[in-house]
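Data from input34.csv: CSV, C-alpha atoms and all ligand atoms
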```csv
chain,number,residue,atom,x,y,z
D,1292,MET,CA,15.1,10.6,-15.9
D,1293,LYS,CA,14.8,13.1,-18.7
D,1294,GLU,CA,12.4,11.0,-20.8
D,1295,ASN,CA,10.5,10.4,-17.6
D,1296,ARG,CA,10.0,14.1,-17.0
D,1297,THR,CA,8.8,14.8,-20.5
D,1298,GLU,CA,6.1,12.2,-20.2
D,1299,ASN,CA,5.0,13.7,-16.9
D,1300,GLN,CA,5.0,17.2,-18.2
D,1301,GLU,CA,2.9,16.0,-21.1
D,1302,ASN,CA,0.5,14.4,-18.7
D,1303,GLY,CA,0.5,17.6,-16.6
D,1304,ARG,CA,-0.6,19.7,-19.5
D,1305,GLN,CA,-3.4,17.3,-20.2
D,1306,GLN,CA,-4.9,17.4,-16.8
D,1307,THR,CA,-8.0,19.2,-17.9
D,1308,ASP,CA,-9.1,16.4,-20.2
D,1309,ALA,CA,-7.4,13.7,-18.2
D,1310,GLU,CA,-10.7,12.2,-17.2
D,1311,GLN,CA,-11.7,11.5,-20.8
D,1312,ARG,CA,-8.4,9.9,-21.5
D,1313,THR,CA,-7.8,6.2,-21.2
D,1314,ASP,CA,-5.4,5.4,-18.3
D,1315,ILE,CA,-3.6,2.8,-20.3
D,1316,LYS,CA,-1.3,1.5,-17.6
D,1317,SER,CA,-4.2,0.8,-15.3
D,1318,LEU,CA,-5.9,-1.5,-17.8
D,1319,PRO,CA,-5.7,-5.2,-17.0
D,1320,TYR,CA,-4.7,-7.3,-20.0
D,1321,PRO,CA,-8.2,-8.2,-21.2
D,1322,GLN,CA,-9.2,-4.6,-21.2
D,1323,LEU,CA,-6.1,-3.5,-22.9
D,1324,GLU,CA,-6.8,-6.0,-25.6
D,1325,GLN,CA,-10.3,-4.6,-26.0
D,1326,TRP,CA,-8.9,-1.1,-26.2
D,1327,ILE,CA,-6.3,-2.1,-28.9
D,1328,LEU,CA,-9.0,-3.9,-31.0
D,1329,GLY,CA,-11.2,-0.8,-30.6
D,1330,GLN,CA,-8.4,1.3,-32.2
D,1331,GLY,CA,-8.4,-1.0,-35.2
D,1332,GLU,CA,-5.1,-2.5,-34.2
D,1333,LYS,CA,-4.1,-6.2,-34.3
D,1334,LYS,CA,-4.5,-8.2,-31.1
D,1335,PHE,CA,-0.7,-8.9,-30.8
D,1336,ARG,CA,-0.1,-5.2,-30.3
D,1337,ALA,CA,-1.9,-5.5,-26.9
D,1338,ARG,CA,0.6,-8.1,-25.8
D,1339,GLN,CA,3.6,-6.0,-26.9
D,1340,LEU,CA,2.3,-2.9,-25.2
D,1341,TYR,CA,1.5,-4.8,-22.0
D,1342,GLN,CA,5.0,-6.2,-21.9
D,1343,TRP,CA,6.6,-2.8,-22.4
D,1344,MET,CA,4.6,-1.4,-19.5
D,1345,HIS,CA,4.4,-4.2,-17.0
D,1346,GLU,CA,7.4,-6.4,-17.7
D,1347,LYS,CA,10.0,-4.0,-19.0
D,1348,HIS,CA,8.7,-1.0,-17.2
D,1349,VAL,CA,9.9,1.5,-19.8
D,1350,SER,CA,9.3,5.1,-18.7
D,1351,SER,CA,8.7,6.4,-22.2
D,1352,LEU,CA,6.6,5.5,-25.3
D,1353,ASP,CA,9.7,6.2,-27.4
D,1354,ALA,CA,11.4,3.2,-25.9
D,1355,MET,CA,8.8,0.8,-27.2
D,1356,GLY,CA,10.9,-0.3,-30.1
D,1357,ASN,CA,8.5,-2.7,-31.9
D,1358,LEU,CA,5.4,-0.5,-31.8
D,1359,PRO,CA,4.4,1.5,-34.9
D,1360,GLY,CA,4.8,5.3,-34.6
D,1361,SER,CA,1.1,5.7,-35.5
D,1362,LEU,CA,0.0,3.7,-32.5
D,1363,LYS,CA,2.3,5.6,-30.2
D,1364,GLN,CA,0.9,8.8,-31.6
D,1365,LYS,CA,-2.6,7.6,-30.9
D,1366,ILE,CA,-1.6,6.7,-27.3
D,1367,ARG,CA,-0.1,10.2,-26.8
D,1368,LYS,CA,-3.2,11.9,-28.1
D,1369,THR,CA,-5.9,9.8,-26.3
D,1370,CYS,CA,-4.3,8.2,-23.2
D,1371,VAL,CA,-2.6,8.9,-19.9
D,1372,PHE,CA,0.7,7.1,-19.7
D,1373,THR,CA,1.6,7.1,-16.0
D,1374,VAL,CA,5.2,7.4,-14.9
D,1375,LEU,CA,6.3,8.3,-11.4
D,1376,GLU,CA,9.2,10.7,-10.9
D,1377,GLN,CA,11.7,9.9,-8.2
D,1378,MET,CA,12.0,13.0,-6.0
D,1379,THR,CA,14.2,11.7,-3.3
D,1380,CYS,CA,15.5,8.4,-1.9
D,1381,GLN,CA,16.8,8.1,1.7
D,1382,VAL,CA,18.8,5.1,2.5
D,1383,SER,CA,19.0,3.9,6.1
D,1384,ALA,CA,22.6,3.4,7.3
D,1385,GLN,CA,21.2,1.0,9.9
D,1386,ASP,CA,19.5,-1.6,7.8
D,1387,GLY,CA,19.6,-0.6,4.1
D,1388,THR,CA,15.9,0.3,4.1
D,1389,ARG,CA,15.2,2.7,1.2
D,1390,LYS,CA,12.5,5.3,1.5
D,1391,TYR,CA,11.3,6.8,-1.8
D,1392,LEU,CA,9.3,9.9,-2.5
D,1393,PHE,CA,7.7,9.9,-5.9
D,1394,GLY,CA,6.0,12.8,-7.8
D,1395,LEU,CA,2.7,12.2,-9.6
D,1396,ALA,CA,1.8,13.9,-12.8
D,1397,ASP,CA,-0.5,16.4,-11.0
D,1398,GLY,CA,2.2,17.5,-8.6
D,1399,ASN,CA,1.2,15.3,-5.7
D,1400,MET,CA,3.7,13.2,-3.9
D,1401,VAL,CA,3.6,9.7,-2.4
D,1402,GLU,CA,6.0,7.6,-0.5
D,1403,SER,CA,7.1,4.0,-0.7
D,1404,VAL,CA,9.6,1.9,1.2
D,1405,LEU,CA,11.8,-1.0,0.2
D,1406,MET,CA,12.7,-3.2,3.1
D,1407,ARG,CA,15.3,-6.0,2.8
D,1408,TYR,CA,14.5,-9.1,4.8
D,1409,HIS,CA,16.3,-12.5,4.7
D,1410,HIS,CA,13.3,-13.9,2.9
D,1411,GLY,CA,13.4,-11.3,0.2
D,1412,ASN,CA,12.6,-7.7,-0.7
D,1413,SER,CA,9.4,-6.2,0.5
D,1414,VAL,CA,7.9,-3.0,-0.9
D,1415,CYS,CA,5.5,-0.9,1.1
D,1416,ILE,CA,3.3,1.2,-1.1
D,1417,SER,CA,0.8,4.1,-0.7
D,1418,THR,CA,-2.7,3.7,-2.0
D,1419,GLN,CA,-3.9,7.3,-1.6
D,1420,ALA,CA,-2.3,10.7,-1.6
D,1421,GLY,CA,-3.1,11.7,2.0
D,1422,CYS,CA,-5.8,9.9,4.0
D,1423,ARG,CA,-9.1,10.8,5.6
D,1424,MET,CA,-9.2,8.2,8.4
D,1425,GLY,CA,-7.8,10.5,11.0
D,1426,CYS,CA,-5.9,7.9,13.2
D,1427,ARG,CA,-4.4,10.0,16.0
D,1428,PHE,CA,-0.9,8.6,15.9
D,1429,CYS,CA,-0.4,8.7,12.1
D,1430,ALA,CA,1.3,11.4,10.1
D,1431,SER,CA,-0.3,10.5,6.8
D,1432,THR,CA,-3.7,11.8,7.8
D,1433,LEU,CA,-2.6,15.2,9.2
D,1434,ASP,CA,-3.6,17.0,6.0
D,1435,GLY,CA,-6.5,14.9,5.0
D,1436,LEU,CA,-7.2,13.0,1.8
D,1437,VAL,CA,-6.0,14.5,-1.5
D,1438,ARG,CA,-7.1,11.8,-3.9
D,1439,ASN,CA,-7.1,8.1,-4.6
D,1440,LEU,CA,-4.2,6.6,-6.5
D,1441,THR,CA,-4.8,4.8,-9.8
D,1442,PRO,CA,-3.8,1.1,-10.3
D,1443,ALA,CA,-0.9,2.4,-12.5
D,1444,GLU,CA,0.3,4.8,-9.8
D,1445,MET,CA,0.4,1.9,-7.3
D,1446,LEU,CA,2.2,-0.5,-9.8
D,1447,GLU,CA,4.7,2.2,-10.8
D,1448,GLN,CA,5.9,2.6,-7.1
D,1449,ILE,CA,7.0,-1.1,-7.3
D,1450,TYR,CA,8.3,-0.9,-10.9
D,1451,ARG,CA,10.5,2.2,-10.1
D,1452,ILE,CA,11.9,0.7,-7.0
D,1453,SER,CA,12.7,-2.6,-8.6
D,1454,ASP,CA,14.4,-0.8,-11.6
D,1455,ASP,CA,16.3,1.6,-9.3
D,1456,THR,CA,17.8,-1.3,-7.2
D,1457,GLY,CA,17.9,-3.9,-10.0
D,1458,GLU,CA,16.6,-6.3,-7.4
D,1459,ARG,CA,13.5,-8.5,-7.4
D,1460,VAL,CA,10.6,-7.6,-5.3
D,1461,SER,CA,9.0,-10.6,-3.7
D,1462,ASN,CA,6.6,-9.1,-1.2
D,1463,VAL,CA,4.2,-6.2,-1.4
D,1464,VAL,CA,2.4,-4.6,1.6
D,1465,LEU,CA,-0.3,-1.9,1.3
D,1466,MET,CA,0.8,-0.1,4.4
D,1467,GLY,CA,2.0,3.2,3.2
D,1468,THR,CA,-0.1,6.3,3.1
D,1469,GLY,CA,-3.9,5.8,2.6
D,1470,GLU,CA,-6.6,3.4,3.4
D,1471,PRO,CA,-6.7,0.6,0.7
D,1472,LEU,CA,-10.4,-0.2,1.4
D,1473,ASP,CA,-11.3,3.5,0.9
D,1474,ASN,CA,-10.0,3.1,-2.7
D,1475,TYR,CA,-11.5,-0.4,-3.2
D,1476,GLU,CA,-11.9,-0.7,-7.0
D,1477,ASN,CA,-8.5,0.7,-7.9
D,1478,VAL,CA,-6.8,-1.5,-5.2
D,1479,LEU,CA,-8.5,-4.6,-6.5
D,1480,THR,CA,-7.5,-3.9,-10.1
D,1481,PHE,CA,-3.9,-3.3,-8.8
D,1482,LEU,CA,-3.9,-6.5,-6.9
D,1483,ARG,CA,-5.0,-8.5,-9.9
D,1484,MET,CA,-2.5,-6.9,-12.2
D,1485,LEU,CA,0.3,-7.3,-9.6
D,1486,THR,CA,-0.3,-11.0,-9.1
D,1487,ASP,CA,-1.2,-11.7,-12.7
D,1488,GLU,CA,1.2,-13.9,-14.7
D,1489,ASP,CA,1.5,-11.3,-17.4
D,1490,GLY,CA,3.0,-8.8,-15.0
D,1491,LEU,CA,5.3,-9.1,-12.0
D,1492,HIS,CA,3.5,-12.2,-11.0
D,1493,ILE,CA,4.0,-11.8,-7.3
D,1494,SER,CA,2.4,-14.6,-5.3
D,1495,GLN,CA,-0.9,-13.5,-3.7
D,1496,ARG,CA,0.4,-15.1,-0.5
D,1497,ASN,CA,3.2,-12.5,-0.5
D,1498,VAL,CA,0.8,-9.6,-0.6
D,1499,THR,CA,-0.7,-7.9,2.5
D,1500,VAL,CA,-3.5,-5.4,2.5
D,1501,SER,CA,-3.7,-3.4,5.7
D,1502,THR,CA,-6.9,-1.7,6.8
D,1503,CYS,CA,-7.9,0.5,9.7
D,1504,GLY,CA,-11.1,-1.5,9.9
D,1505,ILE,CA,-13.6,-0.6,7.2
D,1506,VAL,CA,-16.0,-3.5,7.8
D,1507,PRO,CA,-18.0,-3.6,4.6
D,1508,GLY,CA,-14.7,-3.6,2.7
D,1509,ILE,CA,-13.5,-6.6,4.6
D,1510,TYR,CA,-16.7,-8.5,3.7
D,1511,LYS,CA,-16.4,-7.5,0.1
D,1512,LEU,CA,-12.7,-8.5,0.0
D,1513,ALA,CA,-13.6,-11.9,1.5
D,1514,GLU,CA,-15.6,-12.7,-1.6
D,1515,GLU,CA,-12.8,-11.9,-4.1
D,1516,LYS,CA,-11.2,-15.3,-3.9
D,1517,LEU,CA,-7.8,-13.9,-3.3
D,1518,GLN,CA,-5.1,-15.6,-1.2
D,1519,ILE,CA,-3.7,-12.3,0.1
D,1520,THR,CA,-3.1,-11.6,3.8
D,1521,LEU,CA,-5.5,-9.2,5.5
D,1522,ALA,CA,-3.8,-7.0,8.2
D,1523,VAL,CA,-6.1,-5.2,10.5
D,1524,SER,CA,-4.9,-2.2,12.5
D,1525,LEU,CA,-6.5,-2.8,15.8
D,1526,HIS,CA,-4.3,-0.8,18.3
D,1527,ALA,CA,-6.8,-1.2,21.2
D,1528,SER,CA,-8.7,-4.0,22.9
D,1529,SER,CA,-11.9,-2.1,23.8
D,1530,GLN,CA,-14.3,0.0,21.8
D,1531,GLU,CA,-13.8,2.9,24.2
D,1532,LYS,CA,-10.0,3.0,23.8
D,1533,ARG,CA,-10.1,2.4,20.1
D,1534,LYS,CA,-12.5,5.3,19.5
D,1535,LYS,CA,-9.9,7.6,21.2
D,1536,LEU,CA,-7.2,6.5,18.8
D,1537,MET,CA,-9.1,5.7,15.6
D,1538,PRO,CA,-12.2,7.7,14.5
D,1539,VAL,CA,-13.1,4.8,12.2
D,1540,ALA,CA,-14.3,3.0,15.3
D,1541,ASN,CA,-17.2,5.4,15.5
D,1542,ALA,CA,-18.5,4.0,12.2
D,1543,TYR,CA,-17.6,0.3,12.8
D,1544,GLY,CA,-17.4,-1.0,16.4
D,1545,ILE,CA,-14.7,-3.3,17.5
D,1546,HIS,CA,-16.9,-6.4,17.9
D,1547,GLU,CA,-18.4,-5.9,14.5
D,1548,LEU,CA,-14.8,-5.6,13.2
D,1549,ILE,CA,-13.7,-8.9,14.8
D,1550,ARG,CA,-16.8,-10.6,13.4
D,1551,ALA,CA,-15.8,-9.4,9.9
D,1552,CYS,CA,-12.3,-10.8,10.5
D,1553,ARG,CA,-13.7,-14.2,11.5
D,1554,TYR,CA,-15.7,-14.2,8.3
D,1555,TYR,CA,-12.7,-13.3,6.3
D,1556,PHE,CA,-10.8,-16.3,7.8
D,1557,GLU,CA,-13.8,-18.7,7.2
D,1558,LYS,CA,-14.0,-17.6,3.5
D,1559,THR,CA,-10.4,-17.5,2.6
D,1560,GLY,CA,-8.6,-19.8,5.1
D,1561,ARG,CA,-6.1,-17.0,5.6
D,1562,ARG,CA,-4.9,-16.1,9.1
D,1563,ILE,CA,-5.5,-12.5,10.0
D,1564,THR,CA,-2.7,-10.2,11.1
D,1565,PHE,CA,-3.5,-7.8,13.8
D,1566,GLU,CA,-1.4,-4.7,14.0
D,1567,TYR,CA,-1.1,-3.3,17.5
D,1568,SER,CA,0.9,-0.1,18.0
D,1569,LEU,CA,1.9,0.2,21.6
D,1570,VAL,CA,1.6,3.6,23.1
D,1571,ALA,CA,3.0,4.2,26.6
D,1572,GLY,CA,0.3,4.5,29.2
D,1573,VAL,CA,-2.5,4.3,26.6
D,1574,ASN,CA,-2.8,0.7,25.4
D,1575,ASP,CA,0.2,-1.1,26.8
D,1576,GLN,CA,-1.0,-2.2,30.2
D,1577,ALA,CA,-1.5,-5.7,31.5
D,1578,GLN,CA,-5.3,-5.3,31.4
D,1579,ASP,CA,-5.1,-4.3,27.7
D,1580,ALA,CA,-3.2,-7.5,26.9
D,1581,GLU,CA,-5.8,-9.6,28.8
D,1582,GLU,CA,-8.7,-7.9,27.0
D,1583,LEU,CA,-7.0,-8.3,23.7
D,1584,ALA,CA,-6.5,-12.0,24.3
D,1585,ALA,CA,-10.2,-12.4,25.1
D,1586,LEU,CA,-11.2,-10.3,22.1
D,1587,ILE,CA,-9.4,-12.3,19.5
D,1588,GLY,CA,-9.4,-15.7,21.3
D,1589,GLY,CA,-10.1,-18.6,18.9
D,1590,LEU,CA,-9.5,-16.6,15.8
D,1591,PRO,CA,-6.5,-17.9,13.8
D,1592,CYS,CA,-4.3,-14.9,13.7
D,1593,HIS,CA,-1.0,-13.3,14.3
D,1594,VAL,CA,-0.4,-10.2,16.4
D,1595,ASN,CA,2.2,-7.7,15.3
D,1596,LEU,CA,3.3,-5.4,18.1
D,1597,ILE,CA,4.8,-2.1,16.9
D,1598,PRO,CA,6.2,0.3,19.5
D,1599,VAL,CA,4.5,3.5,18.3
D,1600,ASN,CA,6.7,5.6,16.0
D,1601,PRO,CA,6.9,9.1,17.5
D,1602,VAL,CA,5.4,11.7,15.1
D,1603,LYS,CA,6.5,15.3,15.6
D,1604,GLU,CA,3.0,16.6,15.6
D,1605,ARG,CA,1.7,14.1,18.2
D,1606,ASP,CA,2.8,13.5,21.7
D,1607,PHE,CA,2.6,9.7,21.8
D,1608,THR,CA,5.6,7.9,23.4
D,1609,GLN,CA,6.9,4.4,23.0
D,1610,PRO,CA,6.7,2.0,25.9
D,1611,THR,CA,10.0,0.6,27.3
D,1612,ALA,CA,11.4,-2.5,25.7
D,1613,LYS,CA,10.5,-4.4,28.8
D,1614,ALA,CA,6.9,-3.2,28.7
D,1615,VAL,CA,6.7,-4.4,25.1
D,1616,GLN,CA,8.1,-7.8,26.0
D,1617,ASP,CA,5.7,-8.1,29.0
D,1618,PHE,CA,2.8,-7.4,26.7
D,1619,GLN,CA,4.0,-10.1,24.3
D,1620,LYS,CA,4.4,-12.7,27.1
D,1621,ARG,CA,0.9,-12.0,28.3
D,1622,LEU,CA,-0.6,-12.7,24.9
D,1623,GLU,CA,1.6,-15.8,24.5
D,1624,LYS,CA,0.2,-17.3,27.7
D,1625,TYR,CA,-3.0,-17.6,25.7
D,1626,ARG,CA,-1.2,-19.3,22.8
D,1627,ILE,CA,-1.5,-16.3,20.6
D,1628,ASN,CA,1.1,-15.9,17.9
D,1629,VAL,CA,3.0,-12.7,18.6
D,1630,THR,CA,5.9,-10.9,17.0
D,1631,ILE,CA,7.4,-7.6,17.8
D,1632,ARG,CA,7.9,-5.6,14.6
D,1633,ARG,CA,11.5,-4.9,14.0
D,1634,GLU,CA,11.7,-1.2,13.5
D,1635,MET,CA,13.2,-0.4,10.1
D,1636,GLY,CA,14.4,2.8,8.7
D,1637,ARG,CA,13.9,4.7,11.9
D,1638,ASP,CA,16.7,7.1,10.9
D,1639,ILE,CA,15.0,8.0,7.6
D,1640,ASP,CA,11.5,9.2,8.7
D,1641,GLY,CA,10.3,5.6,8.6
D,1642,ALA,CA,6.8,6.1,9.9
D,1643,CYS,CA,3.9,6.5,7.5
D,1644,GLY,CA,3.5,9.9,6.0
D,1645,GLN,CA,6.5,11.5,7.6
D,1646,LEU,CA,8.8,11.8,4.6
D,1647,ARG,CA,6.1,13.3,2.4
D,1648,LYS,CA,5.2,15.8,5.1
D,1649,ARG,CA,8.8,16.8,5.8
D,1650,PHE,CA,9.5,17.2,2.1
D,1651,ALA,CA,6.5,19.4,1.6
D,1652,GLU,CA,7.4,21.5,4.6
D,1653,ARG,CA,11.0,22.0,3.4
D,1654,GLN,CA,9.6,23.1,0.0
D,1655,ASP,CA,7.4,25.6,1.7
D,1656,ALA,CA,10.1,27.0,3.9
D,1701,LIG,N1,-4.7,2.6,6.4
D,1701,LIG,C1,-4.2,1.3,6.5
D,1701,LIG,C2,-2.7,1.2,6.0
D,1701,LIG,C3,-1.8,2.3,6.3
D,1701,LIG,S1,-1.1,2.5,7.9
D,1701,LIG,C4,-4.2,0.9,8.0
D,1701,LIG,O1,-4.7,1.7,8.8
D,1701,LIG,O2,-3.9,-0.2,8.3
D,1701,LIG,C5,0.0,1.1,8.1
D,1701,LIG,C6,0.1,0.8,9.6
D,1701,LIG,O3,1.0,1.7,10.3
D,1701,LIG,C7,-1.2,0.8,10.3
D,1701,LIG,O4,-1.2,-0.3,11.2
D,1701,LIG,C8,-1.1,2.1,11.1
D,1701,LIG,O5,-2.0,2.1,12.2
D,1701,LIG,C9,0.3,2.1,11.5
D,1701,LIG,N2,0.9,3.4,11.9
D,1701,LIG,C10,0.6,4.6,11.5
D,1701,LIG,N3,1.3,5.6,12.1
D,1701,LIG,C11,2.0,4.9,13.0
D,1701,LIG,C12,3.0,5.3,14.0
D,1701,LIG,N4,3.2,6.6,14.2
D,1701,LIG,N5,3.5,4.4,14.8
D,1701,LIG,C13,3.2,3.1,14.6
D,1701,LIG,N6,2.4,2.6,13.7
D,1701,LIG,C14,1.8,3.5,12.9
```
How would this structure read if it were set down as structure tokens?
Amino acid sequence: MKENRTENQENGRQQTDAEQRTDIKSLPYPQLEQWILGQGEKKFRARQLYQWMHEKHVSSLDAMGNLPGSLKQKIRKTCVFTVLEQMTCQVSAQDGTRKYLFGLADGNMVESVLMRYHHGNSVCISTQAGCRMGCRFCASTLDGLVRNLTPAEMLEQIYRISDDTGERVSNVVLMGTGEPLDNYENVLTFLRMLTDEDGLHISQRNVTVSTCGIVPGIYKLAEEKLQITLAVSLHASSQEKRKKLMPVANAYGIHELIRACRYYFEKTGRRITFEYSLVAGVNDQAQDAEELAALIGGLPCHVNLIPVNPVKERDFTQPTAKAVQDFQKRLEKYRINVTIRREMGRDIDGACGQLRKRFAERQDA
């Protein structure tokens, strides 16, 4: 931890010229090789450096045993070396879910969650500090967007968690704070580095990108030739209702969104996941289910029903367990694949953005 802090403080002091510095941990291997060659170093140094960062996850340049001191010095002087600092970790007594709060070099904080399933460990990461999408039920957006996360800051969330637990991470979901398609280039670089054989080499099929519905981003993503799963936060079955819950619907209408989803499936062959948070009396009625079935009919997809997670600042309430089951059954009548999301970590501020916000509030108090 100590080493870790030193690097961060060093980065903190360098904030003013941070933009001119090379963000070395965000460079995919070919670019890192170019950078190394540009420094007049031998090519094999790129491989060594990449391994220290992305395989061994060392939190300090000092730990890079086989690199010459002169190269480390050069990196210190001209690069940003991103390391996240673990601020807190809350462990759920119910299901072993671990929720982490990490500090970034500029003092911002992001949260990430480790969920243990029978099929392996899944890490949910944040893609932005804050969010500007304004979804009414979501805690992450309450204070707006602070900034985009870099590829290194996204990778580090996973590296720190897998090192902390000593367990392999097999699935990654981009469902923490932030809108991945609002930070498109960094997210794409991150996805390639994450699934690359030189790094953690996580299977693309085990990676899910969740979006509130930024239509141009979906079309762009469809062309990337990735085998990732696209999750779309739908939460309503009509444009009118969706607009009330999600301001993004003002920019991209619900039918336009579904068209983009059909295109994504045609291009990638990957079934779409629709996220649908059920809010009592708002979008959980029989008519909502019927409309939803008509809306997504014929599109190879999977619907994930999530009883809304109550957020202190909002007065949305969960439907009863029976209402949730009824909603599921109605969709199933149309042969739609539906699961009810098992709530994990409810006892540890499980919902997006809640931990970060509570922590900041405690610090202010
Ligand atoms: N911006 C992306 C990813 C982050 S949110 C997106 O919108 O998909 C991850 C998921 O959690 C989204 O489906 C979001 O709508 C949902 N979510 C946010 N707050 C919630 C809450 N209080 N209860 C239930 N689901 C919530």
Report task. Name the residues, by chain letter and number, that sit within 8 Å of ligand LIG 1701 (chain D) using only C-alpha atoms and all ligand atoms, and give them as a VMD selection string. Result -> chain D and resid 1417 1422 1424 1426 1428 to 1431 1465 to 1471 1500 to 1504 1522 to 1526 1566 to 1569 1597 to 1602 1642 to 1644
Query raised in the report: Of the candidates D:Val1382, D:Ser1317, D:Asp1353, D:Glu1447, which shows the shortest atom-to-atom distance to D:Gly1394, using all atoms listed in the file?
Result: D:Glu1447
Report summary line: Taken to one decimal, the atom CA of D:Thr1559-atom CA of D:Glu1514 distance is 8.2 Å
Requested in this report: Extract, using only C-alpha atoms, all DNA, RNA and protein residues at most 10 Å from D:Arg1561, discarding same-chain residues fewer than 6 positions from it, and format them as an MDAnalysis selection string.
Outcome: chainID D and resid 1496 1513 1517:1521 1555 1591:1592
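Here atom CA of D:Thr1480 stands at a distance of 26.1 Å from atom CA of D:Ile1549.
With all atoms listed in the file as the basis for measurement, D:Val1506 is the residue among D:Leu1358, D:Val1506, D:Ile1587, D:Ala1580 that approaches D:Asn1541 most closely.
Taking only C-alpha atoms into account, D:Gln1530 lies nearest to D:Leu1548 out of the set D:Leu1548, D:Leu1392, D:Met1378, D:Ile1315.
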Please write all heavy atoms of stretch 1415-1420 of chain D, from the structure given just now, as a PDB file, in the first residue's frame.
```
ATOM      1  N   CYS D1415     -17.633  -5.840 -11.737  1.00  0.00           N
ATOM      2  CA  CYS D1415     -18.398  -4.749 -12.340  1.00  0.00           C
ATOM      3  C   CYS D1415     -17.583  -3.483 -12.159  1.00  0.00           C
ATOM      4  O   CYS D1415     -17.246  -3.103 -11.045  1.00  0.00           O
ATOM      5  CB  CYS D1415     -19.741  -4.651 -11.607  1.00  0.00           C
ATOM      6  SG  CYS D1415     -20.704  -3.211 -12.067  1.00  0.00           S
ATOM      7  N   ILE D1416     -17.237  -2.837 -13.264  1.00  0.00           N
ATOM      8  CA  ILE D1416     -16.360  -1.664 -13.155  1.00  0.00           C
ATOM      9  C   ILE D1416     -17.073  -0.367 -13.555  1.00  0.00           C
ATOM     10  O   ILE D1416     -18.060  -0.373 -14.281  1.00  0.00           O
ATOM     11  CB  ILE D1416     -15.082  -1.815 -14.020  1.00  0.00           C
ATOM     12  CG1 ILE D1416     -15.415  -1.824 -15.511  1.00  0.00           C
ATOM     13  CG2 ILE D1416     -14.275  -3.033 -13.621  1.00  0.00           C
ATOM     14  CD1 ILE D1416     -14.315  -1.244 -16.365  1.00  0.00           C
ATOM     15  N   SER D1417     -16.497   0.734 -13.095  1.00  0.00           N
ATOM     16  CA  SER D1417     -16.965   2.058 -13.486  1.00  0.00           C
ATOM     17  C   SER D1417     -16.187   2.517 -14.707  1.00  0.00           C
ATOM     18  O   SER D1417     -15.008   2.183 -14.861  1.00  0.00           O
ATOM     19  CB  SER D1417     -16.736   3.058 -12.351  1.00  0.00           C
ATOM     20  OG  SER D1417     -17.543   2.738 -11.248  1.00  0.00           O
ATOM     21  N   THR D1418     -16.841   3.301 -15.561  1.00  0.00           N
ATOM     22  CA  THR D1418     -16.173   3.795 -16.774  1.00  0.00           C
ATOM     23  C   THR D1418     -15.984   5.311 -16.751  1.00  0.00           C
ATOM     24  O   THR D1418     -15.262   5.859 -17.568  1.00  0.00           O
ATOM     25  CB  THR D1418     -16.984   3.415 -18.030  1.00  0.00           C
ATOM     26  OG1 THR D1418     -18.326   3.892 -17.872  1.00  0.00           O
ATOM     27  CG2 THR D1418     -16.991   1.918 -18.240  1.00  0.00           C
ATOM     28  N   GLN D1419     -16.671   5.964 -15.820  1.00  0.00           N
ATOM     29  CA  GLN D1419     -16.522   7.412 -15.659  1.00  0.00           C
ATOM     30  C   GLN D1419     -16.602   7.733 -14.167  1.00  0.00           C
ATOM     31  O   GLN D1419     -17.179   6.956 -13.394  1.00  0.00           O
ATOM     32  CB  GLN D1419     -17.668   8.168 -16.372  1.00  0.00           C
ATOM     33  CG  GLN D1419     -17.703   7.979 -17.872  1.00  0.00           C
ATOM     34  CD  GLN D1419     -18.868   8.718 -18.535  1.00  0.00           C
ATOM     35  OE1 GLN D1419     -19.995   8.661 -18.072  1.00  0.00           O
ATOM     36  NE2 GLN D1419     -18.574   9.415 -19.623  1.00  0.00           N
ATOM     37  N   ALA D1420     -16.021   8.874 -13.772  1.00  0.00           N
ATOM     38  CA  ALA D1420     -16.255   9.375 -12.414  1.00  0.00           C
ATOM     39  C   ALA D1420     -17.507  10.236 -12.552  1.00  0.00           C
ATOM     40  O   ALA D1420     -17.500  11.237 -13.255  1.00  0.00           O
ATOM     41  CB  ALA D1420     -15.067  10.188 -11.938  1.00  0.00           C
TER      42      ALA D1420
END
```
